[in-house]
>>> print(open('coords-v2.pdb').read())   # PDB, C-alpha atoms and all ligand atoms
ATOM      1  CA  MET B1053      21.463 -91.772  71.742
ATOM      2  CA  SER B1054      21.539 -91.741  67.970
ATOM      3  CA  ASP B1055      25.294 -91.233  67.907
ATOM      4  CA  SER B1056      25.994 -94.086  70.271
ATOM      5  CA  LEU B1057      23.745 -96.347  68.217
ATOM      6  CA  LEU B1058      25.553 -95.485  65.031
ATOM      7  CA  ASN B1059      29.022 -95.678  66.554
ATOM      8  CA  SER B1060      28.618 -99.388  66.312
ATOM      9  CA  CYS B1061      27.717 -99.168  62.601
ATOM     10  CA  GLU B1062      30.793 -99.252  60.414
ATOM     11  CA  THR B1063      29.741-101.248  57.401
ATOM     12  CA  VAL B1064      26.473-101.412  55.522
ATOM     13  CA  PHE B1065      25.774-104.452  53.379
ATOM     14  CA  VAL B1066      23.624-103.618  50.339
ATOM     15  CA  VAL B1067      22.024-106.581  48.580
ATOM     16  CA  GLY B1068      21.091-105.903  44.954
ATOM     17  CA  CYS B1069      23.119-103.518  42.787
ATOM     18  CA  GLY B1070      20.301-102.165  40.613
ATOM     19  CA  LEU B1071      18.967 -98.627  40.378
ATOM     20  CA  MET B1072      18.141 -98.357  44.087
ATOM     21  CA  GLY B1073      20.929-100.498  45.539
ATOM     22  CA  ALA B1074      23.611 -98.510  43.697
ATOM     23  CA  GLY B1075      22.029 -95.229  44.837
ATOM     24  CA  ILE B1076      21.906 -96.429  48.446
ATOM     25  CA  ALA B1077      25.556 -97.560  48.259
ATOM     26  CA  GLN B1078      26.517 -94.150  46.878
ATOM     27  CA  VAL B1079      24.861 -92.055  49.599
ATOM     28  CA  THR B1080      26.135 -94.395  52.324
ATOM     29  CA  ALA B1081      29.733 -94.221  51.098
ATOM     30  CA  GLN B1082      29.430 -90.449  50.636
ATOM     31  CA  ALA B1083      28.561 -90.261  54.336
ATOM     32  CA  GLY B1084      31.832 -91.965  55.219
ATOM     33  CA  LEU B1085      30.543 -95.448  55.995
ATOM     34  CA  GLY B1086      31.978 -98.591  54.462
ATOM     35  CA  VAL B1087      29.756-100.426  51.995
ATOM     36  CA  VAL B1088      29.764-103.965  50.673
ATOM     37  CA  ILE B1089      27.380-104.327  47.735
ATOM     38  CA  TYR B1090      26.363-107.711  46.391
ATOM     39  CA  ASP B1091      24.687-108.789  43.171
ATOM     40  CA  ARG B1092      24.594-112.083  41.361
ATOM     41  CA  THR B1093      26.742-111.250  38.338
ATOM     42  CA  GLU B1094      29.733-109.064  37.499
ATOM     43  CA  ALA B1095      27.636-107.402  34.800
ATOM     44  CA  ASP B1096      25.100-106.251  37.421
ATOM     45  CA  LEU B1097      27.917-104.883  39.580
ATOM     46  CA  GLU B1098      29.521-103.109  36.620
ATOM     47  CA  ARG B1099      26.241-101.394  35.767
ATOM     48  CA  GLY B1100      25.846-100.253  39.371
ATOM     49  CA  LYS B1101      29.437 -99.046  39.499
ATOM     50  CA  ARG B1102      28.866 -96.975  36.346
ATOM     51  CA  GLN B1103      25.783 -95.427  37.952
ATOM     52  CA  ILE B1104      27.742 -94.522  41.098
ATOM     53  CA  THR B1105      30.719 -93.178  39.127
ATOM     54  CA  LYS B1106      28.364 -90.955  37.143
ATOM     55  CA  GLY B1107      26.544 -89.937  40.329
ATOM     56  CA  ILE B1108      29.711 -88.623  41.976
ATOM     57  CA  SER B1109      31.350 -87.239  38.811
ATOM     58  CA  LYS B1110      30.899 -83.594  39.865
ATOM     59  CA  LYS B1111      33.039 -84.096  42.982
ATOM     60  CA  ASN B1112      36.792 -83.555  42.910
ATOM     61  CA  GLU B1113      39.065 -86.434  41.960
ATOM     62  CA  ALA B1114      40.205 -87.188  45.526
ATOM     63  CA  ASP B1115      36.637 -87.296  46.900
ATOM     64  CA  GLN B1116      35.488 -89.532  44.056
ATOM     65  CA  GLN B1117      38.327 -91.938  44.759
ATOM     66  CA  ALA B1118      37.664 -91.916  48.508
ATOM     67  CA  ILE B1119      33.979 -92.727  47.944
ATOM     68  CA  LEU B1120      34.755 -95.560  45.516
ATOM     69  CA  ASN B1121      37.421 -96.917  47.878
ATOM     70  CA  ARG B1122      34.807 -97.282  50.586
ATOM     71  CA  ILE B1123      32.652 -99.557  48.390
ATOM     72  CA  THR B1124      33.419-103.240  47.877
ATOM     73  CA  PHE B1125      31.570-104.770  44.918
ATOM     74  CA  THR B1126      31.105-108.523  45.224
ATOM     75  CA  THR B1127      29.312-111.562  43.857
ATOM     76  CA  ASN B1128      30.045-113.431  47.090
ATOM     77  CA  MET B1129      27.452-112.871  49.823
ATOM     78  CA  ASN B1130      29.910-113.932  52.522
ATOM     79  CA  ASP B1131      31.853-110.700  51.970
ATOM     80  CA  GLY B1132      28.995-108.791  53.607
ATOM     81  CA  LYS B1133      28.680-110.935  56.704
ATOM     82  CA  ASP B1134      30.321-108.440  59.100
ATOM     83  CA  GLY B1135      27.892-105.644  58.208
ATOM     84  CA  ASP B1136      25.976-103.976  61.050
ATOM     85  CA  LEU B1137      23.076-103.030  58.803
ATOM     86  CA  VAL B1138      21.845-104.761  55.661
ATOM     87  CA  ILE B1139      19.719-102.945  53.097
ATOM     88  CA  GLU B1140      18.059-105.259  50.617
ATOM     89  CA  ALA B1141      17.143-103.837  47.186
ATOM     90  CA  VAL B1142      16.337-106.891  45.054
ATOM     91  CA  PRO B1143      13.243-107.061  42.786
ATOM     92  CA  GLU B1144       9.821-106.419  44.271
ATOM     93  CA  ARG B1145       8.700-110.038  44.590
ATOM     94  CA  LEU B1146       7.905-111.497  47.999
ATOM     95  CA  GLU B1147       9.342-114.943  47.251
ATOM     96  CA  ILE B1148      12.682-113.429  46.165
ATOM     97  CA  LYS B1149      12.850-111.173  49.217
ATOM     98  CA  LYS B1150      11.969-114.041  51.576
ATOM     99  CA  GLU B1151      14.727-116.186  50.116
ATOM    100  CA  VAL B1152      17.250-113.360  50.504
ATOM    101  CA  PHE B1153      16.199-112.664  54.111
ATOM    102  CA  LYS B1154      16.431-116.351  55.003
ATOM    103  CA  GLN B1155      20.027-116.370  53.748
ATOM    104  CA  LEU B1156      20.835-113.091  55.489
ATOM    105  CA  ASP B1157      19.410-114.283  58.788
ATOM    106  CA  SER B1158      21.796-117.202  58.930
ATOM    107  CA  LEU B1159      24.742-115.246  57.490
ATOM    108  CA  MET B1160      24.721-112.047  59.546
ATOM    109  CA  LYS B1161      25.645-111.632  63.223
ATOM    110  CA  PRO B1162      22.604-111.791  65.536
ATOM    111  CA  GLU B1163      22.660-108.071  66.384
ATOM    112  CA  ALA B1164      22.684-106.912  62.741
ATOM    113  CA  ILE B1165      19.616-105.019  61.543
ATOM    114  CA  LEU B1166      18.067-106.226  58.297
ATOM    115  CA  ALA B1167      16.205-103.628  56.244
ATOM    116  CA  SER B1168      14.206-103.870  53.048
ATOM    117  CA  ASN B1169      13.782-101.125  50.480
ATOM    118  CA  THR B1170      10.444-102.618  49.421
ATOM    119  CA  SER B1171       7.921-100.097  48.096
ATOM    120  CA  SER B1172       4.832-102.177  48.833
ATOM    121  CA  LEU B1173       5.477-105.565  50.425
ATOM    122  CA  SER B1174       4.780-106.352  54.068
ATOM    123  CA  ILE B1175       7.728-105.958  56.438
ATOM    124  CA  ALA B1176       6.033-108.473  58.741
ATOM    125  CA  ALA B1177       5.895-111.053  55.928
ATOM    126  CA  ILE B1178       9.536-110.470  55.016
ATOM    127  CA  GLY B1179      10.558-110.649  58.691
ATOM    128  CA  SER B1180       8.581-113.834  59.290
ATOM    129  CA  VAL B1181      11.254-115.988  57.632
ATOM    130  CA  THR B1182      13.914-114.764  60.095
ATOM    131  CA  LYS B1183      14.606-115.458  63.758
ATOM    132  CA  ARG B1184      14.920-111.717  64.436
ATOM    133  CA  PRO B1185      11.611-110.089  63.345
ATOM    134  CA  GLU B1186      12.179-107.287  65.883
ATOM    135  CA  LYS B1187      15.270-106.257  63.906
ATOM    136  CA  ILE B1188      13.524-106.145  60.532
ATOM    137  CA  VAL B1189      12.537-102.718  59.252
ATOM    138  CA  GLY B1190      11.562-100.996  56.029
ATOM    139  CA  LEU B1191      13.947 -98.349  54.707
ATOM    140  CA  HIS B1192      11.998 -97.006  51.762
ATOM    141  CA  PHE B1193      14.243 -94.733  49.708
ATOM    142  CA  PHE B1194      12.899 -92.642  46.862
ATOM    143  CA  SER B1195      14.386 -92.470  43.385
ATOM    144  CA  PRO B1196      16.856 -91.043  42.498
ATOM    145  CA  VAL B1197      18.314 -91.861  45.914
ATOM    146  CA  PRO B1198      21.101 -89.229  45.932
ATOM    147  CA  VAL B1199      18.574 -86.495  45.100
ATOM    148  CA  MET B1200      15.429 -87.301  47.081
ATOM    149  CA  THR B1201      15.489 -86.138  50.683
ATOM    150  CA  LEU B1202      12.964 -88.491  52.256
ATOM    151  CA  LEU B1203      13.606 -91.875  53.830
ATOM    152  CA  GLU B1204      10.356 -93.535  54.874
ATOM    153  CA  ILE B1205      11.024 -95.870  57.807
ATOM    154  CA  VAL B1206       8.480 -98.683  57.910
ATOM    155  CA  ARG B1207       7.676-100.242  61.245
ATOM    156  CA  GLY B1208       6.582-103.869  61.035
ATOM    157  CA  ILE B1209       4.287-105.250  63.739
ATOM    158  CA  LYS B1210       7.285-106.821  65.491
ATOM    159  CA  THR B1211       9.914-104.120  64.790
ATOM    160  CA  ASP B1212      11.270-102.834  68.114
ATOM    161  CA  ASP B1213      12.039 -99.250  69.204
ATOM    162  CA  THR B1214      15.806 -99.753  69.124
ATOM    163  CA  THR B1215      15.613-100.741  65.472
ATOM    164  CA  ILE B1216      13.543 -97.651  64.627
ATOM    165  CA  LYS B1217      15.992 -95.424  66.521
ATOM    166  CA  PHE B1218      18.892 -97.033  64.693
ATOM    167  CA  ALA B1219      17.137 -96.414  61.364
ATOM    168  CA  GLU B1220      16.591 -92.759  62.302
ATOM    169  CA  ALA B1221      20.249 -92.353  63.285
ATOM    170  CA  PHE B1222      21.371 -93.970  60.040
ATOM    171  CA  ALA B1223      19.110 -91.609  58.053
ATOM    172  CA  GLU B1224      20.614 -88.622  59.810
ATOM    173  CA  LYS B1225      24.107 -89.887  59.050
ATOM    174  CA  ILE B1226      23.347 -90.141  55.321
ATOM    175  CA  ASP B1227      21.583 -86.774  55.359
ATOM    176  CA  LYS B1228      18.010 -87.953  54.795
ATOM    177  CA  LYS B1229      14.874 -86.709  56.525
ATOM    178  CA  THR B1230      12.549 -89.366  57.897
ATOM    179  CA  ILE B1231       8.971 -90.227  58.619
ATOM    180  CA  VAL B1232       7.843 -93.453  60.294
ATOM    181  CA  ALA B1233       5.052 -95.316  58.521
ATOM    182  CA  GLN B1234       3.014 -98.295  59.676
ATOM    183  CA  ASP B1235       3.298-101.519  57.717
ATOM    184  CA  TYR B1236       0.259-101.339  55.417
ATOM    185  CA  PRO B1237       0.246-101.298  51.612
ATOM    186  CA  GLY B1238       1.648 -98.078  50.172
ATOM    187  CA  PHE B1239       2.988 -97.032  53.597
ATOM    188  CA  THR B1240       2.422 -93.251  53.800
ATOM    189  CA  VAL B1241       3.667 -91.510  50.673
ATOM    190  CA  ASN B1242       2.445 -93.953  48.020
ATOM    191  CA  ARG B1243      -0.855 -94.375  49.845
ATOM    192  CA  VAL B1244      -1.616 -90.716  49.153
ATOM    193  CA  LEU B1245       0.297 -90.231  45.911
ATOM    194  CA  VAL B1246      -0.691 -93.327  43.930
ATOM    195  CA  PRO B1247      -4.493 -92.837  44.145
ATOM    196  CA  MET B1248      -3.936 -89.270  42.934
ATOM    197  CA  LEU B1249      -1.987 -90.480  39.890
ATOM    198  CA  ASN B1250      -4.693 -93.101  39.280
ATOM    199  CA  GLU B1251      -7.410 -90.447  39.411
ATOM    200  CA  ALA B1252      -5.475 -88.341  36.899
ATOM    201  CA  ALA B1253      -5.394 -91.386  34.574
ATOM    202  CA  PHE B1254      -9.204 -91.699  34.905
ATOM    203  CA  LEU B1255      -9.481 -88.056  33.861
ATOM    204  CA  VAL B1256      -7.460 -88.796  30.710
ATOM    205  CA  MET B1257      -9.680 -91.808  29.990
ATOM    206  CA  GLU B1258     -12.707 -89.521  30.221
ATOM    207  CA  GLY B1259     -11.264 -87.251  27.520
ATOM    208  CA  ASN B1260      -9.326 -84.595  29.426
ATOM    209  CA  SER B1261      -5.894 -83.725  28.059
ATOM    210  CA  PRO B1262      -2.778 -84.650  30.092
ATOM    211  CA  GLU B1263      -1.476 -81.115  29.555
ATOM    212  CA  ASP B1264      -4.598 -79.551  31.095
ATOM    213  CA  ILE B1265      -4.651 -81.963  34.038
ATOM    214  CA  ASP B1266      -0.984 -81.376  34.836
ATOM    215  CA  ARG B1267      -1.304 -77.622  34.379
ATOM    216  CA  GLY B1268      -4.361 -77.586  36.625
ATOM    217  CA  MET B1269      -2.642 -79.489  39.414
ATOM    218  CA  MET B1270       0.551 -77.462  39.186
ATOM    219  CA  LEU B1271      -1.123 -74.062  39.146
ATOM    220  CA  GLY B1272      -4.048 -74.971  41.378
ATOM    221  CA  THR B1273      -2.235 -76.951  44.090
ATOM    222  CA  ASN B1274       1.336 -75.698  43.740
ATOM    223  CA  GLN B1275       2.829 -79.072  42.858
ATOM    224  CA  PRO B1276       6.224 -78.846  41.148
ATOM    225  CA  ILE B1277       5.303 -81.483  38.557
ATOM    226  CA  GLY B1278       1.941 -82.611  37.171
ATOM    227  CA  PRO B1279       0.613 -86.085  38.121
ATOM    228  CA  LEU B1280       0.805 -87.467  34.574
ATOM    229  CA  LYS B1281       4.373 -86.293  33.979
ATOM    230  CA  LEU B1282       5.196 -87.877  37.305
ATOM    231  CA  ALA B1283       3.405 -91.124  36.351
ATOM    232  CA  ASP B1284       5.548 -91.242  33.198
ATOM    233  CA  MET B1285       8.679 -90.811  35.303
ATOM    234  CA  VAL B1286       7.695 -93.461  37.849
ATOM    235  CA  GLY B1287       6.820 -95.897  35.052
ATOM    236  CA  ILE B1288       3.252 -96.845  34.158
ATOM    237  CA  ASP B1289       3.981-100.511  34.990
ATOM    238  CA  VAL B1290       5.348 -99.650  38.440
ATOM    239  CA  LEU B1291       2.332 -97.412  39.088
ATOM    240  CA  PHE B1292      -0.069-100.105  37.912
ATOM    241  CA  HIS B1293       1.509-102.794  40.121
ATOM    242  CA  THR B1294       1.511-100.527  43.153
ATOM    243  CA  LEU B1295      -2.193 -99.879  42.595
ATOM    244  CA  VAL B1296      -2.835-103.605  42.353
ATOM    245  CA  SER B1297      -1.076-104.141  45.680
ATOM    246  CA  LEU B1298      -3.170-101.392  47.318
ATOM    247  CA  TYR B1299      -6.362-102.766  45.744
ATOM    248  CA  GLU B1300      -5.633-106.327  46.869
ATOM    249  CA  GLY B1301      -4.028-105.381  50.189
ATOM    250  CA  PHE B1302      -7.053-103.400  51.395
ATOM    251  CA  ASN B1303      -9.644-105.219  49.275
ATOM    252  CA  ASP B1304     -11.104-101.800  48.605
ATOM    253  CA  SER B1305     -12.505-100.576  45.279
ATOM    254  CA  LYS B1306     -11.232 -97.066  45.887
ATOM    255  CA  TYR B1307      -7.829 -98.328  44.716
ATOM    256  CA  ARG B1308      -9.188 -99.909  41.504
ATOM    257  CA  PRO B1309      -6.490 -99.367  38.852
ATOM    258  CA  CYS B1310      -7.689 -97.200  35.987
ATOM    259  CA  PRO B1311      -8.324 -99.472  32.941
ATOM    260  CA  LEU B1312      -6.341 -97.042  30.790
ATOM    261  CA  LEU B1313      -3.228 -97.808  32.892
ATOM    262  CA  ARG B1314      -3.732-101.524  32.241
ATOM    263  CA  ARG B1315      -4.036-100.888  28.482
ATOM    264  CA  MET B1316      -0.882 -98.777  28.526
ATOM    265  CA  VAL B1317       1.045-101.567  30.287
ATOM    266  CA  GLU B1318      -0.268-104.113  27.765
ATOM    267  CA  ALA B1319       0.839-101.846  24.920
ATOM    268  CA  ASN B1320       4.281-101.364  26.518
ATOM    269  CA  GLN B1321       3.561 -97.652  26.770
ATOM    270  CA  LEU B1322       5.395 -97.400  30.074
ATOM    271  CA  GLY B1323       6.290 -93.726  30.249
ATOM    272  CA  LYS B1324       9.679 -92.110  29.883
ATOM    273  CA  LYS B1325      11.639 -95.362  29.877
ATOM    274  CA  SER B1326       9.759 -96.726  26.837
ATOM    275  CA  GLY B1327       9.674 -93.421  24.951
ATOM    276  CA  LYS B1328       5.922 -92.937  25.341
ATOM    277  CA  GLY B1329       3.468 -92.702  28.208
ATOM    278  CA  PHE B1330       0.962 -89.913  28.687
ATOM    279  CA  TYR B1331       3.553 -87.831  26.827
ATOM    280  CA  ASN B1332       5.884 -88.525  23.925
ATOM    281  CA  TYR B1333       9.627 -88.698  24.632
ATOM    282  CA  SER B1334      10.955 -89.740  21.239
TER     283      SER B1334
HETATM  284  N1  LIG O1401      12.818 -97.946  41.213
HETATM  285  C1  LIG O1401      12.234 -97.149  42.108
HETATM  286  O1  LIG O1401      11.837 -96.014  41.819
HETATM  287  C2  LIG O1401      12.052 -97.649  43.525
HETATM  288  C3  LIG O1401      11.741 -96.735  44.533
HETATM  289  C4  LIG O1401      11.618 -97.180  45.846
HETATM  290  C5  LIG O1401      11.792 -98.520  46.133
HETATM  291  N2  LIG O1401      12.065 -99.407  45.131
HETATM  292  C6  LIG O1401      12.246-100.809  45.486
HETATM  293  O2  LIG O1401      13.622-101.132  45.462
HETATM  294  C7  LIG O1401      13.792-102.508  45.128
HETATM  295  C8  LIG O1401      14.750-102.611  43.963
HETATM  296  O3  LIG O1401      14.253-101.867  42.892
HETATM  297  P1  LIG O1401      15.182-101.351  41.682
HETATM  298  O4  LIG O1401      14.387-100.350  40.960
HETATM  299  O5  LIG O1401      16.532-101.007  42.201
HETATM  300  O6  LIG O1401      15.292-102.691  40.811
HETATM  301  P2  LIG O1401      16.421-103.112  39.776
HETATM  302  O7  LIG O1401      15.803-104.112  38.891
HETATM  303  O8  LIG O1401      17.081-101.910  39.186
HETATM  304  O9  LIG O1401      17.518-103.836  40.700
HETATM  305  C9  LIG O1401      17.340-105.080  41.320
HETATM  306  C10 LIG O1401      18.697-105.749  41.424
HETATM  307  O10 LIG O1401      18.570-106.914  42.214
HETATM  308  C11 LIG O1401      19.368-107.927  41.634
HETATM  309  N3  LIG O1401      18.881-109.225  42.103
HETATM  310  C12 LIG O1401      17.870-109.970  41.659
HETATM  311  N4  LIG O1401      17.741-111.079  42.414
HETATM  312  C13 LIG O1401      18.699-111.007  43.359
HETATM  313  C14 LIG O1401      19.075-111.836  44.433
HETATM  314  N5  LIG O1401      18.436-112.955  44.697
HETATM  315  N6  LIG O1401      20.107-111.434  45.205
HETATM  316  C15 LIG O1401      20.754-110.278  44.951
HETATM  317  N7  LIG O1401      20.433-109.453  43.946
HETATM  318  C16 LIG O1401      19.416-109.819  43.169
HETATM  319  C17 LIG O1401      19.249-107.716  40.144
HETATM  320  O11 LIG O1401      20.349-108.320  39.464
HETATM  321  C18 LIG O1401      19.263-106.187  40.047
HETATM  322  O12 LIG O1401      20.590-105.681  39.910
HETATM  323  C19 LIG O1401      12.394-103.053  44.864
HETATM  324  O13 LIG O1401      11.911-103.649  46.034
HETATM  325  C20 LIG O1401      11.604-101.792  44.532
HETATM  326  O14 LIG O1401      10.222-101.933  44.798
HETATM  327  C21 LIG O1401      12.221 -98.998  43.840
END
>>> encode(input="coords-v2.pdb", output="structure tokens")
Amino acid sequence: MSDSLLNSCETVFVVGCGLMGAGIAQVTAQAGLGVVIYDRTEADLERGKRQITKGISKKNEADQQAILNRITFTTNMNDGKDGDLVIEAVPERLEIKKEVFKQLDSLMKPEAILASNTSSLSIAAIGSVTKRPEKIVGLHFFSPVPVMTLLEIVRGIKTDDTTIKFAEAFAEKIDKKTIVAQDYPGFTVNRVLVPMLNEAAFLVMEGNSPEDIDRGMMLGTNQPIGPLKLADMVGIDVLFHTLVSLYEGFNDSKYRPCPLLRRMVEANQLGKKSGKGFYNYS
């Protein structure tokens, strides 16, 4: 079943050539599928191309060339119109995603599946601007895409079984393991992970040291990385905004963002990317 579904998938259209889009293009091309990747400017495409080139640099010359040859970089959306699957990876703002999906719905053939890599927005809301809500699905990759094994498939209220099966077959093709999550804020992984990181931030606010908290969680629960180190890697701003979407999405105080996280965002203390978070990286 999965093979026959994917036999019809030759080209994947990736929209947005940022951190995630470039990673998705890389793993898709590595799996032998053709990729068209779109962004608005040549500079965005160049940055993505550099990321991909670096990502495949350990492969031999011929493999690197074959992977790059399978990827078309473009600033013209029409170049992606023959894709069988679209994966959108533009910024996490509903109005931007809706605009992109409206365009995609009129551009792509009716049988094409349109996926979003959103980490927190509603698949139903994104799908509502299209005439094919049953073919809209979440494909939530984790960063860095070439390294992380999981692909969380998000089933919107109107997503049909064929679309889910297609998503599972695609995941297998690109060597990812899957879970299917229902379309509620945080899906599955962030719903469990993000409150844990938030709780660790509360512990810091109460005077516990990040080193002790991380050491406790690593030695006491066998996690490979402590929650505060992980928060620094994710980005304190990204963590904070995900908490806000859980808090607002469920209207439940158990997701109240730790005030320390808000202060850190205000102070631009965003974790590894800004040089300082719970730890110092300078
Ligand atoms: N960064 C992560 O760890 C992570 C993990 C999982 C999911 N996500 C999700 O992936 C999506 C992309 O995140 P990212 O980290 O790659 O962001 P990013 O800022 O690195 O990339 C976004 C790209 O989209 C482009 N863009 C903006 N508007 C566009 C438009 N209208 N059409 C086409 N391209 C447009 C930008 O030029 C940029 O290259 C978001 O929805 C995010 O929530 C991110």
>>> atom_distance(input="coords-v2.pdb", atom1="atom N6 of ligand LIG 1401 (chain O)", atom2="CA of Ser1195 in chain B")
19.9 Å
>>> residues_near_ligand(input="coords-v2.pdb", ligand="ligand LIG 1401 (chain O)", cutoff="7 Å", atoms="only C-alpha atoms and all ligand atoms", output="PyMOL selection string")
chain B and resi 1067-1073+1090-1092+1096+1141-1144+1148+1152+1169-1172+1192-1195+1286
>>> atom_distance(input="coords-v2.pdb", atom1="CA of Glu1318 in chain B", atom2="CA of Ser1305 in chain B")
21.7 Å
>>> resolve_selection(input="coords-v2.pdb", expression="the PyMOL selection byres (((chain B and resi 1151) around 12) and not hetatm)", output="PDB file with C-alpha atoms, keeping the file's coordinate frame")
ATOM      1  CA  GLU B1140      18.059-105.259  50.617  1.00  0.00           C
ATOM      2  CA  VAL B1142      16.337-106.891  45.054  1.00  0.00           C
ATOM      3  CA  PRO B1143      13.243-107.061  42.786  1.00  0.00           C
ATOM      4  CA  ARG B1145       8.700-110.038  44.590  1.00  0.00           C
ATOM      5  CA  LEU B1146       7.905-111.497  47.999  1.00  0.00           C
ATOM      6  CA  GLU B1147       9.342-114.943  47.251  1.00  0.00           C
ATOM      7  CA  ILE B1148      12.682-113.429  46.165  1.00  0.00           C
ATOM      8  CA  LYS B1149      12.850-111.173  49.217  1.00  0.00           C
ATOM      9  CA  LYS B1150      11.969-114.041  51.576  1.00  0.00           C
ATOM     10  CA  VAL B1152      17.250-113.360  50.504  1.00  0.00           C
ATOM     11  CA  PHE B1153      16.199-112.664  54.111  1.00  0.00           C
ATOM     12  CA  LYS B1154      16.431-116.351  55.003  1.00  0.00           C
ATOM     13  CA  GLN B1155      20.027-116.370  53.748  1.00  0.00           C
ATOM     14  CA  LEU B1156      20.835-113.091  55.489  1.00  0.00           C
ATOM     15  CA  ASP B1157      19.410-114.283  58.788  1.00  0.00           C
ATOM     16  CA  SER B1158      21.796-117.202  58.930  1.00  0.00           C
ATOM     17  CA  ALA B1177       5.895-111.053  55.928  1.00  0.00           C
ATOM     18  CA  ILE B1178       9.536-110.470  55.016  1.00  0.00           C
ATOM     19  CA  GLY B1179      10.558-110.649  58.691  1.00  0.00           C
ATOM     20  CA  SER B1180       8.581-113.834  59.290  1.00  0.00           C
ATOM     21  CA  VAL B1181      11.254-115.988  57.632  1.00  0.00           C
ATOM     22  CA  THR B1182      13.914-114.764  60.095  1.00  0.00           C
TER      23      THR B1182
END
>>> resolve_selection(input="coords-v2.pdb", expression="the PyMOL selection byres (((chain B and resi 1198) around 10) and not hetatm)", output="MDAnalysis selection string")
chainID B and resid 1072 1074:1080 1082 1104 1107:1108 1193:1197 1199:1201 1226:1228
>>> write_last_selection(input="coords-v2.pdb", atoms="C-alpha atoms", output="short mmCIF file (atom, residue, chain, number, x, y, z; two decimals), in the frame of the given file")
data_model
loop_
_atom_site.label_atom_id
_atom_site.label_comp_id
_atom_site.auth_asym_id
_atom_site.auth_seq_id
_atom_site.Cartn_x
_atom_site.Cartn_y
_atom_site.Cartn_z
CA MET B 1072 18.14 -98.36 44.09
CA ALA B 1074 23.61 -98.51 43.70
CA GLY B 1075 22.03 -95.23 44.84
CA ILE B 1076 21.91 -96.43 48.45
CA ALA B 1077 25.56 -97.56 48.26
CA GLN B 1078 26.52 -94.15 46.88
CA VAL B 1079 24.86 -92.06 49.60
CA THR B 1080 26.14 -94.40 52.32
CA GLN B 1082 29.43 -90.45 50.64
CA ILE B 1104 27.74 -94.52 41.10
CA GLY B 1107 26.54 -89.94 40.33
CA ILE B 1108 29.71 -88.62 41.98
CA PHE B 1193 14.24 -94.73 49.71
CA PHE B 1194 12.90 -92.64 46.86
CA SER B 1195 14.39 -92.47 43.38
CA PRO B 1196 16.86 -91.04 42.50
CA VAL B 1197 18.31 -91.86 45.91
CA VAL B 1199 18.57 -86.50 45.10
CA MET B 1200 15.43 -87.30 47.08
CA THR B 1201 15.49 -86.14 50.68
CA ILE B 1226 23.35 -90.14 55.32
CA ASP B 1227 21.58 -86.77 55.36
CA LYS B 1228 18.01 -87.95 54.80
#
>>> atom_distance(input="coords-v2.pdb", atom1="CA of Phe1125 in chain B", atom2="CA of Cys1061 in chain B")
18.9 Å
>>> resolve_selection(input="coords-v2.pdb", expression="the PyMOL selection byres (((chain B and resi 1259-1262) around 9) and not hetatm)", output="PyMOL selection string")
chain B and resi 1252-1258+1263-1267+1278-1281+1330-1331
>>> residues_around(input="coords-v2.pdb", residues="Thr1126 in chain B", least_positions_apart="3", cutoff="8 Å", atoms="all atoms listed in the file", output="PyMOL selection string")
chain B and resi 1088-1091+1094+1097+1129+1131
>>> axis_aligned_box(input="coords-v2.pdb", around="range 1250-1267 of chain B", padding_each_side="5 Å", output="JSON")
{"center_x": -6.8, "center_y": -85.4, "center_z": 33.5, "size_x": 21.7, "size_y": 25.5, "size_z": 21.9}
>>> closest_residue(input="coords-v2.pdb", among="B:Lys1133, B:Lys1101, B:Lys1325, B:Lys1106", to="Asn1121 in chain B", atoms="only C-alpha atoms")
B:Lys1101
>>> closest_atom_pairs(input="coords-v2.pdb", of="range 1064-1159 of chain B", to="range 1218-1224 of chain B", cutoff="12 Å", atoms="only C-alpha atoms", output="tab-separated table")
residue	atom	partner	partner_atom	distance
B:Val1064	CA	B:Phe1222	CA	10.1
B:Ile1076	CA	B:Ala1223	CA	11.1
B:Val1079	CA	B:Ala1223	CA	10.2
B:Thr1080	CA	B:Phe1222	CA	9.1
B:Ala1083	CA	B:Glu1224	CA	9.8
B:Gly1084	CA	B:Phe1222	CA	11.7
B:Leu1085	CA	B:Phe1222	CA	10.1
B:Asp1136	CA	B:Phe1218	CA	10.6
B:Leu1137	CA	B:Ala1219	CA	9.3
B:Val1138	CA	B:Ala1219	CA	11.2
B:Ile1139	CA	B:Ala1219	CA	10.8
>>> write_last_selection(input="coords-v2.pdb", atoms="C-alpha atoms", output="PDB file, in the frame of the given file")
ATOM      1  CA  VAL B1064      26.473-101.412  55.522  1.00  0.00           C
ATOM      2  CA  ILE B1076      21.906 -96.429  48.446  1.00  0.00           C
ATOM      3  CA  VAL B1079      24.861 -92.055  49.599  1.00  0.00           C
ATOM      4  CA  THR B1080      26.135 -94.395  52.324  1.00  0.00           C
ATOM      5  CA  ALA B1083      28.561 -90.261  54.336  1.00  0.00           C
ATOM      6  CA  GLY B1084      31.832 -91.965  55.219  1.00  0.00           C
ATOM      7  CA  LEU B1085      30.543 -95.448  55.995  1.00  0.00           C
ATOM      8  CA  ASP B1136      25.976-103.976  61.050  1.00  0.00           C
ATOM      9  CA  LEU B1137      23.076-103.030  58.803  1.00  0.00           C
ATOM     10  CA  VAL B1138      21.845-104.761  55.661  1.00  0.00           C
ATOM     11  CA  ILE B1139      19.719-102.945  53.097  1.00  0.00           C
TER      12      ILE B1139
END
>>> closest_residue(input="coords-v2.pdb", among="B:Val1317, B:Lys1306, B:Asp1284, B:Asn1130", to="Gly1329 in chain B", atoms="all atoms listed in the file")
B:Asp1284
>>> closest_residue(input="coords-v2.pdb", among="B:Ala1283, B:Leu1312, B:Ile1205, B:Leu1166", to="Lys1187 in chain B", atoms="all atoms listed in the file")
B:Leu1166
